file entry-v3.cif (mmCIF, C-alpha atoms)
data_my_file
loop_
_atom_site.label_atom_id
_atom_site.label_comp_id
_atom_site.auth_asym_id
_atom_site.auth_seq_id
_atom_site.Cartn_x
_atom_site.Cartn_y
_atom_site.Cartn_z
CA MET A 1 7.92 32.84 26.06
CA LYS A 2 5.79 35.90 26.88
CA LYS A 3 2.85 36.56 29.15
CA GLY A 4 -0.32 35.66 27.25
CA SER A 5 1.37 33.17 24.93
CA ILE A 6 0.07 29.58 24.62
CA ILE A 7 2.53 26.79 25.40
CA GLU A 8 2.56 23.02 25.89
CA VAL A 9 4.41 21.44 28.78
CA LYS A 10 4.87 17.88 30.08
CA ILE A 11 4.29 17.71 33.84
CA GLU A 12 7.15 15.95 35.60
CA ASP A 13 6.63 16.73 39.30
CA ILE A 14 4.10 18.25 41.70
CA GLU A 15 4.11 20.53 44.76
CA PHE A 16 1.47 21.63 47.26
CA PRO A 17 -1.34 22.37 46.54
CA ALA A 18 -1.59 20.20 43.38
CA LYS A 19 0.65 22.49 41.37
CA GLY A 20 2.22 20.62 38.47
CA ILE A 21 5.82 21.34 37.48
CA GLY A 22 7.33 21.04 34.00
CA TYR A 23 10.13 22.61 31.97
CA VAL A 24 10.15 24.49 28.68
CA ASN A 25 13.60 25.29 27.25
CA GLY A 26 15.04 24.84 30.74
CA LEU A 27 12.56 27.25 32.39
CA LYS A 28 10.51 25.92 35.28
CA VAL A 29 6.77 26.14 34.56
CA PHE A 30 4.02 25.80 37.18
CA ALA A 31 0.53 24.59 36.21
CA LYS A 32 -2.21 24.51 38.85
CA ASN A 33 -4.23 21.27 38.97
CA ALA A 34 -1.94 19.45 36.55
CA PHE A 35 -0.38 16.10 37.43
CA PRO A 36 2.80 14.17 36.62
CA GLY A 37 2.57 12.35 33.30
CA GLN A 38 0.14 14.81 31.70
CA VAL A 39 0.94 17.05 28.78
CA VAL A 40 -1.04 20.27 29.14
CA LYS A 41 -1.64 23.33 27.02
CA GLY A 42 -1.95 26.63 28.86
CA ARG A 43 -1.76 30.40 28.66
CA VAL A 44 1.21 32.04 30.38
CA SER A 45 -0.23 34.10 33.27
CA LYS A 46 3.09 35.06 34.87
CA LYS A 47 6.64 35.20 33.49
CA ARG A 48 9.72 35.70 35.61
CA ARG A 49 13.40 35.06 34.97
CA GLU A 50 13.38 31.95 37.19
CA TYR A 51 9.95 30.52 36.37
CA ALA A 52 6.60 30.91 34.60
CA GLU A 53 3.00 30.11 35.54
CA ILE A 54 0.28 28.97 33.18
CA LYS A 55 -3.49 28.61 33.35
CA VAL A 56 -4.29 25.19 31.96
CA LEU A 57 -6.65 25.34 28.96
CA GLU A 58 -6.51 21.71 27.89
CA VAL A 59 -5.02 18.34 28.81
CA VAL A 60 -3.36 17.30 25.54
CA GLU A 61 -2.21 13.91 26.83
CA LYS A 62 -3.58 12.14 29.89
CA ALA A 63 -1.33 10.43 32.42
CA GLU A 64 -1.37 6.64 32.12
CA TYR A 65 -3.00 6.23 35.55
CA GLU A 66 -5.96 8.58 34.90
CA ILE A 67 -9.54 7.32 35.21
CA GLU A 68 -12.86 8.64 33.92
CA PRO A 69 -14.43 11.38 36.09
CA MET A 70 -17.64 10.58 37.97
CA CYS A 71 -19.03 14.10 37.61
CA ASP A 72 -20.38 15.61 34.39
CA HIS A 73 -19.05 19.00 35.53
CA HIS A 74 -15.43 17.89 35.82
CA GLY A 75 -13.12 20.39 34.15
CA VAL A 76 -15.86 23.05 34.15
CA SER A 77 -16.24 23.40 37.93
CA GLY A 78 -12.88 23.31 39.69
CA GLY A 79 -13.91 22.05 43.14
CA CYS A 80 -12.99 18.38 42.75
CA ILE A 81 -10.41 18.43 39.97
CA GLN A 82 -8.58 15.33 41.28
CA GLN A 83 -11.43 12.89 40.65
CA VAL A 84 -9.60 11.70 37.50
CA ILE A 85 -6.80 10.47 39.78
CA PRO A 86 -7.31 7.05 41.48
CA TYR A 87 -7.75 7.60 45.20
CA GLU A 88 -4.58 5.76 46.24
CA LYS A 89 -2.66 7.96 43.82
CA GLN A 90 -4.27 11.08 45.32
CA LEU A 91 -2.96 10.01 48.74
CA GLU A 92 0.48 9.39 47.26
CA PHE A 93 0.59 12.86 45.69
CA LYS A 94 -0.55 14.58 48.90
CA THR A 95 2.05 12.71 50.93
CA ASP A 96 4.83 13.65 48.50
CA GLU A 97 3.73 17.31 48.41
CA VAL A 98 3.73 17.73 52.20
CA LYS A 99 7.00 15.83 52.63
CA LYS A 100 8.60 18.13 50.05
CA LEU A 101 7.42 21.23 51.96
CA PHE A 102 9.04 19.96 55.15
CA GLU A 103 12.27 19.06 53.34
CA GLU A 104 12.52 22.40 51.51
CA SER A 105 11.93 24.25 54.80
CA ASN A 106 14.53 22.09 56.57
CA VAL A 107 11.92 21.03 59.14
CA THR A 108 11.89 17.45 60.36
CA MET A 109 8.65 15.44 60.47
CA GLY A 110 9.99 13.34 63.35
CA LYS A 111 8.55 9.87 62.97
CA PHE A 112 6.32 10.03 59.89
CA LEU A 113 3.20 7.92 60.36
CA GLY A 114 1.95 8.19 56.78
CA ILE A 115 -1.46 9.35 55.59
CA GLU A 116 -4.88 8.28 56.85
CA SER A 117 -7.57 7.90 54.18
CA SER A 118 -11.04 9.40 54.41
CA PRO A 119 -13.73 6.91 55.55
CA GLU A 120 -15.81 8.14 52.61
CA ILE A 121 -14.30 9.07 49.26
CA ASN A 122 -17.54 10.34 47.64
CA HIS A 123 -20.59 12.21 49.01
CA TYR A 124 -18.71 13.10 52.20
CA ARG A 125 -19.37 16.83 52.43
CA ASN A 126 -21.79 18.05 55.09
CA LYS A 127 -21.79 21.65 53.83
CA MET A 128 -21.89 23.31 50.41
CA GLU A 129 -22.03 26.96 49.44
CA TYR A 130 -23.58 27.56 46.02
CA SER A 131 -23.65 30.83 44.07
CA PHE A 132 -26.37 32.35 41.89
CA GLY A 133 -25.26 33.61 38.49
CA ASP A 134 -25.21 32.73 34.81
CA GLU A 135 -22.94 30.62 32.62
CA VAL A 136 -22.87 33.16 29.80
CA LYS A 137 -23.68 36.84 30.06
CA GLY A 138 -27.44 37.28 29.81
CA GLY A 139 -28.06 33.52 30.11
CA GLU A 140 -30.64 31.87 32.34
CA LEU A 141 -30.25 31.89 36.11
CA ASN A 142 -27.92 29.18 37.42
CA LEU A 143 -27.18 27.97 40.93
CA GLY A 144 -23.91 26.17 41.39
CA MET A 145 -20.15 26.62 41.37
CA HIS A 146 -17.73 29.08 39.81
CA MET A 147 -16.35 27.94 36.47
CA VAL A 148 -12.67 27.22 35.82
CA ASN A 149 -10.92 30.09 33.97
CA LYS A 150 -14.14 32.09 33.86
CA ARG A 151 -14.30 34.36 36.90
CA ASN A 152 -17.94 35.37 36.67
CA GLY A 153 -19.39 32.20 35.15
CA ILE A 154 -21.57 29.89 37.28
CA VAL A 155 -22.25 26.32 36.19
CA ASN A 156 -25.54 24.80 37.33
CA ILE A 157 -24.87 21.80 39.60
CA ASP A 158 -27.49 19.06 39.37
CA LYS A 159 -25.17 16.16 40.29
CA CYS A 160 -22.08 16.28 42.48
CA CYS A 161 -19.73 13.53 43.65
CA LEU A 162 -19.04 15.37 46.93
CA THR A 163 -22.64 15.69 48.23
CA ASP A 164 -25.71 13.47 48.53
CA ASP A 165 -29.12 13.64 46.86
CA ASP A 166 -30.68 15.99 49.44
CA PHE A 167 -28.30 18.79 48.40
CA GLU A 168 -29.24 18.26 44.77
CA ILE A 169 -33.02 18.31 45.23
CA VAL A 170 -32.81 21.56 47.25
CA CYS A 171 -30.63 23.17 44.57
CA LYS A 172 -32.90 22.05 41.75
CA ALA A 173 -36.08 23.24 43.49
CA THR A 174 -34.45 26.58 44.38
CA VAL A 175 -33.11 27.46 40.94
CA ASN A 176 -36.34 26.37 39.21
CA TYR A 177 -38.43 28.52 41.55
CA PHE A 178 -36.36 31.67 41.14
CA ARG A 179 -36.07 31.20 37.38
CA GLU A 180 -39.87 31.17 37.28
CA LYS A 181 -40.02 34.33 39.38
CA GLY A 182 -37.46 36.10 37.19
CA LEU A 183 -35.50 37.50 40.13
CA PRO A 184 -32.00 38.87 39.33
CA PHE A 185 -28.81 37.52 40.84
CA TYR A 186 -26.40 39.91 42.55
CA LYS A 187 -23.65 41.31 40.32
CA VAL A 188 -20.65 42.21 42.44
CA MET A 189 -19.14 44.82 40.12
CA GLN A 190 -22.45 46.61 39.50
CA ARG A 191 -23.47 46.10 43.15
CA GLU A 192 -27.02 45.31 42.20
CA GLY A 193 -29.33 42.32 42.25
CA TYR A 194 -31.07 40.11 44.81
CA LEU A 195 -30.03 36.43 44.83
CA ARG A 196 -26.53 35.74 46.18
CA HIS A 197 -25.93 32.27 47.64
CA LEU A 198 -27.55 29.08 48.88
CA VAL A 199 -25.78 27.35 51.77
CA ILE A 200 -26.85 23.82 52.72
CA ARG A 201 -25.65 21.83 55.73
CA LYS A 202 -26.58 18.22 56.45
CA ALA A 203 -25.38 16.32 59.50
CA LYS A 204 -23.95 12.98 58.44
CA LYS A 205 -24.94 11.03 61.55
CA THR A 206 -28.35 12.57 62.34
CA GLY A 207 -29.43 13.47 58.79
CA GLU A 208 -30.63 16.92 59.91
CA ILE A 209 -30.66 19.61 57.20
CA ILE A 210 -30.45 23.40 57.32
CA VAL A 211 -31.13 25.49 54.18
CA ASN A 212 -29.82 29.05 54.15
CA LEU A 213 -30.84 31.43 51.33
CA VAL A 214 -28.60 34.50 51.09
CA THR A 215 -29.90 37.65 49.36
CA THR A 216 -29.53 41.40 49.38
CA THR A 217 -32.35 43.66 50.58
CA GLN A 218 -32.63 45.44 47.23
CA ILE A 219 -35.93 43.65 46.52
CA ASP A 220 -38.67 43.15 49.10
CA PHE A 221 -39.72 39.61 48.15
CA ASP A 222 -42.13 37.37 50.05
CA LEU A 223 -40.36 34.03 50.59
CA SER A 224 -43.31 32.16 52.11
CA GLU A 225 -44.08 30.27 48.85
CA TYR A 226 -40.41 29.25 48.53
CA VAL A 227 -40.43 28.02 52.14
CA GLU A 228 -43.41 25.75 51.45
CA ILE A 229 -41.68 24.29 48.39
CA ILE A 230 -38.51 23.49 50.36
CA LYS A 231 -40.52 22.06 53.28
CA ASN A 232 -42.37 19.64 51.01
CA LEU A 233 -39.42 18.10 49.16
CA ASP A 234 -38.83 14.35 49.48
CA TYR A 235 -35.71 14.18 51.66
CA LYS A 236 -33.65 11.19 52.70
CA GLY A 237 -32.72 13.19 55.79
CA THR A 238 -34.84 15.53 57.92
CA LEU A 239 -35.33 19.25 57.20
CA LYS A 240 -34.81 21.10 60.50
CA SER A 241 -34.43 24.71 59.42
CA ILE A 242 -34.86 27.24 56.61
CA ILE A 243 -33.02 30.52 57.10
CA HIS A 244 -32.89 33.76 55.14
CA THR A 245 -29.63 35.69 55.48
CA GLU A 246 -29.57 39.35 54.45
CA ASN A 247 -26.20 40.38 53.04
CA ASN A 248 -25.59 43.77 51.41
CA SER A 249 -21.79 43.68 51.60
CA PHE A 250 -19.80 44.42 48.46
CA SER A 251 -17.63 41.29 48.73
CA ASP A 252 -18.60 37.91 47.28
CA ALA A 253 -18.40 36.26 50.72
CA VAL A 254 -21.45 35.14 52.72
CA ILE A 255 -21.67 37.74 55.49
CA PRO A 256 -24.59 37.41 57.96
CA GLU A 257 -25.70 41.02 58.42
CA LYS A 258 -29.16 39.83 59.50
CA ILE A 259 -30.51 36.29 59.92
CA ASN A 260 -34.24 35.50 59.67
CA ILE A 261 -35.52 32.07 60.69
CA LEU A 262 -38.26 31.18 58.20
CA TYR A 263 -38.92 27.66 59.45
CA GLY A 264 -37.81 25.42 62.31
CA GLU A 265 -34.81 25.92 64.54
CA ASP A 266 -31.61 27.95 64.23
CA HIS A 267 -29.30 24.92 64.20
CA ILE A 268 -28.84 21.26 63.37
CA THR A 269 -27.18 18.62 65.55
CA GLU A 270 -24.30 16.35 64.56
CA GLU A 271 -22.67 13.51 66.48
CA LEU A 272 -18.94 12.82 66.67
CA LEU A 273 -17.33 10.08 68.77
CA GLY A 274 -20.39 9.78 71.00
CA LEU A 275 -20.77 13.55 71.60
CA LYS A 276 -23.47 15.87 70.24
CA PHE A 277 -22.72 19.22 68.59
CA LYS A 278 -25.17 21.96 67.67
CA ILE A 279 -24.19 23.54 64.35
CA SER A 280 -25.54 27.01 63.61
CA PRO A 281 -25.60 28.44 60.06
CA PHE A 282 -22.25 30.22 60.34
CA SER A 283 -20.31 28.21 62.90
CA PHE A 284 -17.17 26.37 61.78
CA PHE A 285 -17.48 22.61 61.61
CA GLN A 286 -15.33 20.18 59.66
CA THR A 287 -16.97 19.51 56.28
CA ASN A 288 -16.23 15.77 56.47
CA SER A 289 -17.93 14.44 59.62
CA GLU A 290 -16.61 10.88 59.49
CA GLY A 291 -13.17 12.16 58.54
CA ALA A 292 -13.35 14.51 61.55
CA GLU A 293 -13.84 11.51 63.82
CA LYS A 294 -10.59 10.03 62.54
CA LEU A 295 -8.78 13.37 62.76
CA TYR A 296 -9.87 14.04 66.34
CA SER A 297 -9.11 10.46 67.33
CA ILE A 298 -5.52 11.08 66.19
CA VAL A 299 -5.36 14.18 68.41
CA ARG A 300 -6.80 12.28 71.36
CA ASP A 301 -4.28 9.46 70.86
CA PHE A 302 -1.41 11.96 70.67
CA MET A 303 -2.48 13.36 74.06
CA GLY A 304 -1.76 10.09 75.84
CA ASP A 305 -2.72 10.00 79.51
CA ALA A 306 -4.00 13.51 80.29
CA SER A 307 -6.16 12.68 83.32
CA ASN A 308 -4.50 15.30 85.54
CA LYS A 309 -3.62 17.81 82.83
CA VAL A 310 -4.92 21.20 81.70
CA VAL A 311 -5.48 21.44 77.95
CA PHE A 312 -5.74 24.67 75.92
CA ASP A 313 -7.72 24.38 72.66
CA LEU A 314 -6.75 27.49 70.67
CA TYR A 315 -8.79 28.48 67.59
CA CYS A 316 -11.39 26.08 68.99
CA GLY A 317 -14.38 26.90 66.75
CA THR A 318 -17.45 25.20 68.22
CA GLY A 319 -15.18 23.31 70.62
CA THR A 320 -15.18 19.93 68.91
CA ILE A 321 -11.53 19.04 69.57
CA GLY A 322 -11.65 20.43 73.12
CA GLN A 323 -14.74 18.48 74.06
CA ILE A 324 -13.40 15.27 72.56
CA ALA A 325 -10.19 15.88 74.55
CA ALA A 326 -12.18 16.67 77.73
CA GLY A 327 -12.88 13.02 78.44
CA LYS A 328 -9.14 12.49 78.96
CA ALA A 329 -8.22 15.81 80.61
CA GLU A 330 -8.68 17.45 83.98
CA LYS A 331 -9.68 20.79 82.40
CA VAL A 332 -10.06 22.25 78.90
CA VAL A 333 -9.89 25.97 78.06
CA GLY A 334 -10.90 26.93 74.52
CA VAL A 335 -10.39 30.28 72.75
CA GLU A 336 -12.10 31.35 69.52
CA LEU A 337 -12.54 34.72 67.76
CA ILE A 338 -16.12 34.17 66.54
CA GLU A 339 -18.48 34.82 69.45
CA GLU A 340 -21.33 32.79 67.94
CA ALA A 341 -19.05 29.74 67.78
CA VAL A 342 -18.07 30.16 71.45
CA VAL A 343 -21.72 30.37 72.52
CA ALA A 344 -22.30 27.14 70.60
CA ALA A 345 -19.19 25.55 72.16
CA ASN A 346 -20.39 26.25 75.70
CA GLU A 347 -23.90 25.04 74.84
CA ASN A 348 -22.42 21.87 73.36
CA ALA A 349 -20.37 21.29 76.52
CA LYS A 350 -23.58 21.49 78.59
CA LEU A 351 -25.36 19.23 76.11
CA ASN A 352 -22.62 16.64 76.59
CA ASN A 353 -22.51 17.08 80.41
CA LEU A 354 -18.89 18.21 80.28
CA GLU A 355 -18.22 20.32 83.37
CA ASN A 356 -14.47 20.63 82.84
CA CYS A 357 -14.69 22.82 79.69
CA ASN A 358 -14.65 26.62 79.42
CA PHE A 359 -14.73 28.38 76.05
CA ILE A 360 -13.81 32.07 75.72
CA ALA A 361 -14.58 34.49 72.88
CA GLY A 362 -11.91 36.79 71.53
CA ASP A 363 -8.76 37.14 69.47
CA VAL A 364 -6.41 34.35 70.49
CA ALA A 365 -3.46 36.77 70.46
CA GLU A 366 -5.23 38.97 73.06
CA VAL A 367 -7.27 36.52 75.16
CA ILE A 368 -4.28 34.28 75.73
CA LYS A 369 -2.67 37.10 77.78
CA THR A 370 -5.51 37.06 80.31
CA ILE A 371 -5.86 33.33 81.01
CA LYS A 372 -4.81 32.40 84.55
CA ASP A 373 -4.50 28.64 83.97
CA LYS A 374 -1.19 27.13 82.95
CA PRO A 375 -1.52 24.46 80.23
CA ASP A 376 0.18 21.08 80.17
CA ILE A 377 -0.97 20.55 76.58
CA ILE A 378 -1.81 23.14 73.92
CA ILE A 379 -3.81 22.10 70.86
CA LEU A 380 -3.42 24.50 67.94
CA ASP A 381 -5.95 24.33 65.10
CA PRO A 382 -5.57 27.72 63.37
CA PRO A 383 -7.06 29.01 60.10
CA ARG A 384 -5.13 28.70 56.85
CA SER A 385 -3.06 31.78 57.72
CA GLY A 386 -1.52 29.92 60.67
CA VAL A 387 -0.88 31.06 64.25
CA HIS A 388 -0.68 34.83 64.78
CA PRO A 389 2.93 35.77 65.74
CA LYS A 390 1.75 37.40 69.01
CA ALA A 391 -0.24 34.30 69.91
CA MET A 392 2.81 32.17 69.10
CA GLU A 393 4.87 34.19 71.57
CA TYR A 394 2.41 33.35 74.35
CA VAL A 395 2.17 29.71 73.32
CA VAL A 396 5.93 29.44 73.87
CA LYS A 397 5.81 31.52 77.10
CA PHE A 398 3.18 29.18 78.57
CA ASN A 399 5.86 26.51 78.31
CA PRO A 400 3.52 23.50 77.94
CA LYS A 401 5.16 20.09 77.92
CA GLN A 402 3.28 19.13 74.76
CA ILE A 403 1.87 20.94 71.70
CA ILE A 404 -0.38 19.23 69.16
CA TYR A 405 -0.66 21.26 65.94
CA VAL A 406 -3.56 20.49 63.57
CA SER A 407 -3.07 22.27 60.24
CA CYS A 408 -5.18 22.66 57.11
CA ASN A 409 -2.30 24.46 55.37
CA PRO A 410 1.14 22.79 55.47
CA LYS A 411 2.75 25.93 54.00
CA THR A 412 2.01 28.01 57.11
CA LEU A 413 2.50 24.96 59.32
CA VAL A 414 6.20 24.57 58.48
CA GLU A 415 6.82 28.25 59.23
CA ASP A 416 5.07 27.95 62.61
CA LEU A 417 7.03 24.78 63.39
CA LYS A 418 10.27 26.71 62.88
CA ALA A 419 9.12 29.20 65.53
CA LEU A 420 8.22 26.39 67.92
CA GLN A 421 11.59 24.73 67.40
CA ILE A 422 13.32 28.02 68.21
CA GLY A 423 11.09 28.15 71.32
CA GLY A 424 12.52 24.87 72.56
CA TYR A 425 10.17 22.26 71.10
CA GLU A 426 11.11 19.19 69.13
CA ILE A 427 8.90 17.40 66.62
CA GLU A 428 8.17 13.86 67.73
CA LYS A 429 5.82 12.62 65.02
CA THR A 430 3.68 13.71 62.08
CA VAL A 431 0.66 12.16 60.39
CA LEU A 432 -1.52 13.30 57.47
CA MET A 433 -5.30 12.95 57.39
CA ASP A 434 -7.13 13.22 54.07
CA MET A 435 -10.32 15.11 54.88
CA PHE A 436 -10.94 16.29 51.32
CA PRO A 437 -10.84 13.53 48.66
CA HIS A 438 -10.71 14.74 45.03
CA THR A 439 -9.32 18.13 46.13
CA PRO A 440 -5.73 19.34 46.70
CA HIS A 441 -6.21 19.84 50.45
CA VAL A 442 -5.03 17.69 53.35
CA GLU A 443 -4.81 18.00 57.16
CA THR A 444 -1.47 17.56 58.94
CA VAL A 445 -1.15 16.71 62.63
CA VAL A 446 2.19 17.24 64.39
CA ASN A 447 3.06 16.26 67.96
CA LEU A 448 5.76 18.36 69.64
CA ASN A 449 7.38 17.94 73.05
CA LYS A 450 9.36 20.39 75.16
CA LYS A 451 13.05 19.53 75.06
#
call {"tool": "encode", "arguments": {"input": "entry-v3.cif", "output": "structure tokens"}}
result
Amino acid sequence: MKKGSIIEVKIEDIEFPAKGIGYVNGLKVFAKNAFPGQVVKGRVSKKRREYAEIKVLEVVEKAEYEIEPMCDHHGVSGGCIQQVIPYEKQLEFKTDEVKKLFEESNVTMGKFLGIESSPEINHYRNKMEYSFGDEVKGGELNLGMHMVNKRNGIVNIDKCCLTDDDFEIVCKATVNYFREKGLPFYKVMQREGYLRHLVIRKAKKTGEIIVNLVTTTQIDFDLSEYVEIIKNLDYKGTLKSIIHTENNSFSDAVIPEKINILYGEDHITEELLGLKFKISPFSFFQTNSEGAEKLYSIVRDFMGDASNKVVFDLYCGTGTIGQIAAGKAEKVVGVELIEEAVVAANENAKLNNLENCNFIAGDVAEVIKTIKDKPDIIILDPPRSGVHPKAMEYVVKFNPKQIIYVSCNPKTLVEDLKALQIGGYEIEKTVLMDMFPHTPHVETVVNLNKK
């Protein structure tokens, strides 16, 4: 077996995140987005003495449990690759993958409470980020998702099982308009072009929609005609805002160098567990609103009676967890790096008449040194990279009686749990929450108590 060679492998096991495992002549082979029972053909992308990795080119034999995909783009766009797996089986795989991570890291789960399913399996996403590009070099302008095994290819998305009809009509109107105008999309390697991304957010409970067109400034184009087209579409929800974001950065990320409000307000409003939250174009908010209600209810239940307790909400984003916890706590202090999110968090606290919340902007590892309050409970909800080691030192030094860790990445979670165990904490219980049906991702919530 050599790098670049084509091989077939029967998938026998799976590990996080949805990485299939098989064996060829005794060598362990990893295949991303392949599932037990499948036979797949793939190109060897990495070869080591102990293992190999392949990029799957074809499913030669389906697993006996597979179902037909709902989406016409399945296998072309990689965002919801697990839709061929029955939902109960998806939950089973995610549970097994996370359990295996804990076992391999020699970290206990305490009492394992299983996995909670998403209230909605389809059309649950409240945010999508689409890219402009073409499917084949020199082809017509597309607006959609990156293609599997084709780094620069963009497949046009006209139907998606993760979003509702309002996303689709905005995408269709947008790509048709800019095809007619003949405007070029931005090519990252050449660093030239105009159209970059379209970001749509729609609040699940209120139905409010924000449309954010992201371009470079290489072309001075009048967007007033485009605004009128988007305003006059037939929505199920309510269009609240159209925004133009200028982004001349060299990376493929959406970076808000300048934001222009073309229509309406600069935010939409969502409701969770009886509270209102303003969501600005770039603030973090869970992409599954109804799933977030279940997730935050788990955190609130883990808190128990906190009526006379101080709660720290670290990596708080727009303060959703902290404000939901505030109804049970004496005081909540939130810390978040992104200043815009903190402004929104404090505005949301006022909107919800919560006088016992204070949200602070800054790097958690630095701000945590300056906080005078002493927490009884610390809620950790870090990014995928986990808790910064310096921040972890202060979490342990604060010596709270209880830590509730909410993780979107169980790989970094188990490493952070080791540090907390060394710091004198024991894991009482663990539960999984599936926020992302048809994808490999899952949230894990762990309750720890001081020994």
call {"tool": "axis_aligned_box", "arguments": {"input": "entry-v3.cif", "around": "range 365-372 of chain A", "padding_each_side": "5 Å", "output": "AutoDock Vina command-line options"}}
result
--center_x -5.0 --center_y 35.7 --center_z 77.5 --size_x 14.6 --size_y 16.6 --size_z 24.1
call {"tool": "residues_around", "arguments": {"input": "entry-v3.cif", "residues": "Tyr130 in chain A", "least_positions_apart": "4", "cutoff": "9 Å", "atoms": "only C-alpha atoms", "output": "list of chain:residue names"}}
result
A:Leu143, A:Gly144, A:Met145, A:His146, A:Ile157, A:Cys171, A:Arg196, A:His197, A:Leu198, A:Val199, A:Ile200
call {"tool": "resolve_selection", "arguments": {"input": "entry-v3.cif", "expression": "the PyMOL selection byres ((chain A and resi 288) around 12)", "output": "PyMOL selection string"}}
result
chain A and resi 117-128+162-163+201-205+270+272+284-287+289-296+433-437+442-443
call {"tool": "write_last_selection", "arguments": {"input": "entry-v3.cif", "atoms": "C-alpha atoms", "output": "mmCIF file, in the coordinates of the input"}}
result
data_model
loop_
_atom_site.group_PDB
_atom_site.id
_atom_site.type_symbol
_atom_site.label_atom_id
_atom_site.label_comp_id
_atom_site.auth_asym_id
_atom_site.auth_seq_id
_atom_site.Cartn_x
_atom_site.Cartn_y
_atom_site.Cartn_z
ATOM 1 C CA SER A 117 -7.570 7.900 54.180
ATOM 2 C CA SER A 118 -11.040 9.400 54.410
ATOM 3 C CA PRO A 119 -13.730 6.910 55.550
ATOM 4 C CA GLU A 120 -15.810 8.140 52.610
ATOM 5 C CA ILE A 121 -14.300 9.070 49.260
ATOM 6 C CA ASN A 122 -17.540 10.340 47.640
ATOM 7 C CA HIS A 123 -20.590 12.210 49.010
ATOM 8 C CA TYR A 124 -18.710 13.100 52.200
ATOM 9 C CA ARG A 125 -19.370 16.830 52.430
ATOM 10 C CA ASN A 126 -21.790 18.050 55.090
ATOM 11 C CA LYS A 127 -21.790 21.650 53.830
ATOM 12 C CA MET A 128 -21.890 23.310 50.410
ATOM 13 C CA LEU A 162 -19.040 15.370 46.930
ATOM 14 C CA THR A 163 -22.640 15.690 48.230
ATOM 15 C CA ARG A 201 -25.650 21.830 55.730
ATOM 16 C CA LYS A 202 -26.580 18.220 56.450
ATOM 17 C CA ALA A 203 -25.380 16.320 59.500
ATOM 18 C CA LYS A 204 -23.950 12.980 58.440
ATOM 19 C CA LYS A 205 -24.940 11.030 61.550
ATOM 20 C CA GLU A 270 -24.300 16.350 64.560
ATOM 21 C CA LEU A 272 -18.940 12.820 66.670
ATOM 22 C CA PHE A 284 -17.170 26.370 61.780
ATOM 23 C CA PHE A 285 -17.480 22.610 61.610
ATOM 24 C CA GLN A 286 -15.330 20.180 59.660
ATOM 25 C CA THR A 287 -16.970 19.510 56.280
ATOM 26 C CA SER A 289 -17.930 14.440 59.620
ATOM 27 C CA GLU A 290 -16.610 10.880 59.490
ATOM 28 C CA GLY A 291 -13.170 12.160 58.540
ATOM 29 C CA ALA A 292 -13.350 14.510 61.550
ATOM 30 C CA GLU A 293 -13.840 11.510 63.820
ATOM 31 C CA LYS A 294 -10.590 10.030 62.540
ATOM 32 C CA LEU A 295 -8.780 13.370 62.760
ATOM 33 C CA TYR A 296 -9.870 14.040 66.340
ATOM 34 C CA MET A 433 -5.300 12.950 57.390
ATOM 35 C CA ASP A 434 -7.130 13.220 54.070
ATOM 36 C CA MET A 435 -10.320 15.110 54.880
ATOM 37 C CA PHE A 436 -10.940 16.290 51.320
ATOM 38 C CA PRO A 437 -10.840 13.530 48.660
ATOM 39 C CA VAL A 442 -5.030 17.690 53.350
ATOM 40 C CA GLU A 443 -4.810 18.000 57.160
#
call {"tool": "resolve_selection", "arguments": {"input": "entry-v3.cif", "expression": "the PyMOL selection byres ((chain A and resi 413-427) around 8)", "output": "PyMOL selection string"}}
result
chain A and resi 101-102+105+107-110+386-387+392+396+407+409-412+428-430+446-451
call {"tool": "resolve_selection", "arguments": {"input": "entry-v3.cif", "expression": "the PyMOL selection byres ((chain A and resi 189) around 10)", "output": "list in words"}}
result
Tyr186, Lys187, Val188, Gln190, Arg191, Glu192, Phe250, Ser251 and Asp252 of chain A
call {"tool": "atom_distance", "arguments": {"input": "entry-v3.cif", "atom1": "CA of Glu12 in chain A", "atom2": "CA of Glu58 in chain A"}}
result
16.7 Å
call {"tool": "atom_distance", "arguments": {"input": "entry-v3.cif", "atom1": "CA of Arg43 in chain A", "atom2": "CA of Lys55 in chain A"}}
result
5.3 Å
call {"tool": "atom_distance", "arguments": {"input": "entry-v3.cif", "atom1": "CA of Asn248 in chain A", "atom2": "CA of Thr216 in chain A"}}
result
5.0 Å
call {"tool": "residues_around", "arguments": {"input": "entry-v3.cif", "residues": "Ser241 in chain A", "least_positions_apart": "5", "cutoff": "8 Å", "atoms": "all atoms listed in the file", "output": "PyMOL selection string"}}
result
chain A and resi 209-211+261-268
call {"tool": "residues_around", "arguments": {"input": "entry-v3.cif", "residues": "Glu168 in chain A", "least_positions_apart": "6", "cutoff": "8 Å", "atoms": "all atoms listed in the file", "output": "list in words"}}
result
Ile157, Asp158, Lys159 and Cys160 of chain A
call {"tool": "closest_residue", "arguments": {"input": "entry-v3.cif", "among": "A:Lys2, A:Tyr23, A:Lys32, A:Ile279", "to": "Val44 in chain A", "atoms": "only C-alpha atoms"}}
result
A:Lys2
call {"tool": "residues_around", "arguments": {"input": "entry-v3.cif", "residues": "Gln38 in chain A", "least_positions_apart": "2", "cutoff": "12 Å", "atoms": "only C-alpha atoms", "output": "list in words"}}
result
Glu8, Val9, Lys10, Ile11, Glu12, Asp13, Ile14, Gly20, Ile21, Gly22, Ala31, Asn33, Ala34, Phe35, Pro36, Val40, Lys41, Val56, Glu58, Val59, Val60, Glu61, Lys62, Ala63, Glu64, Tyr65, Glu66, Val84 and Ile85 of chain A
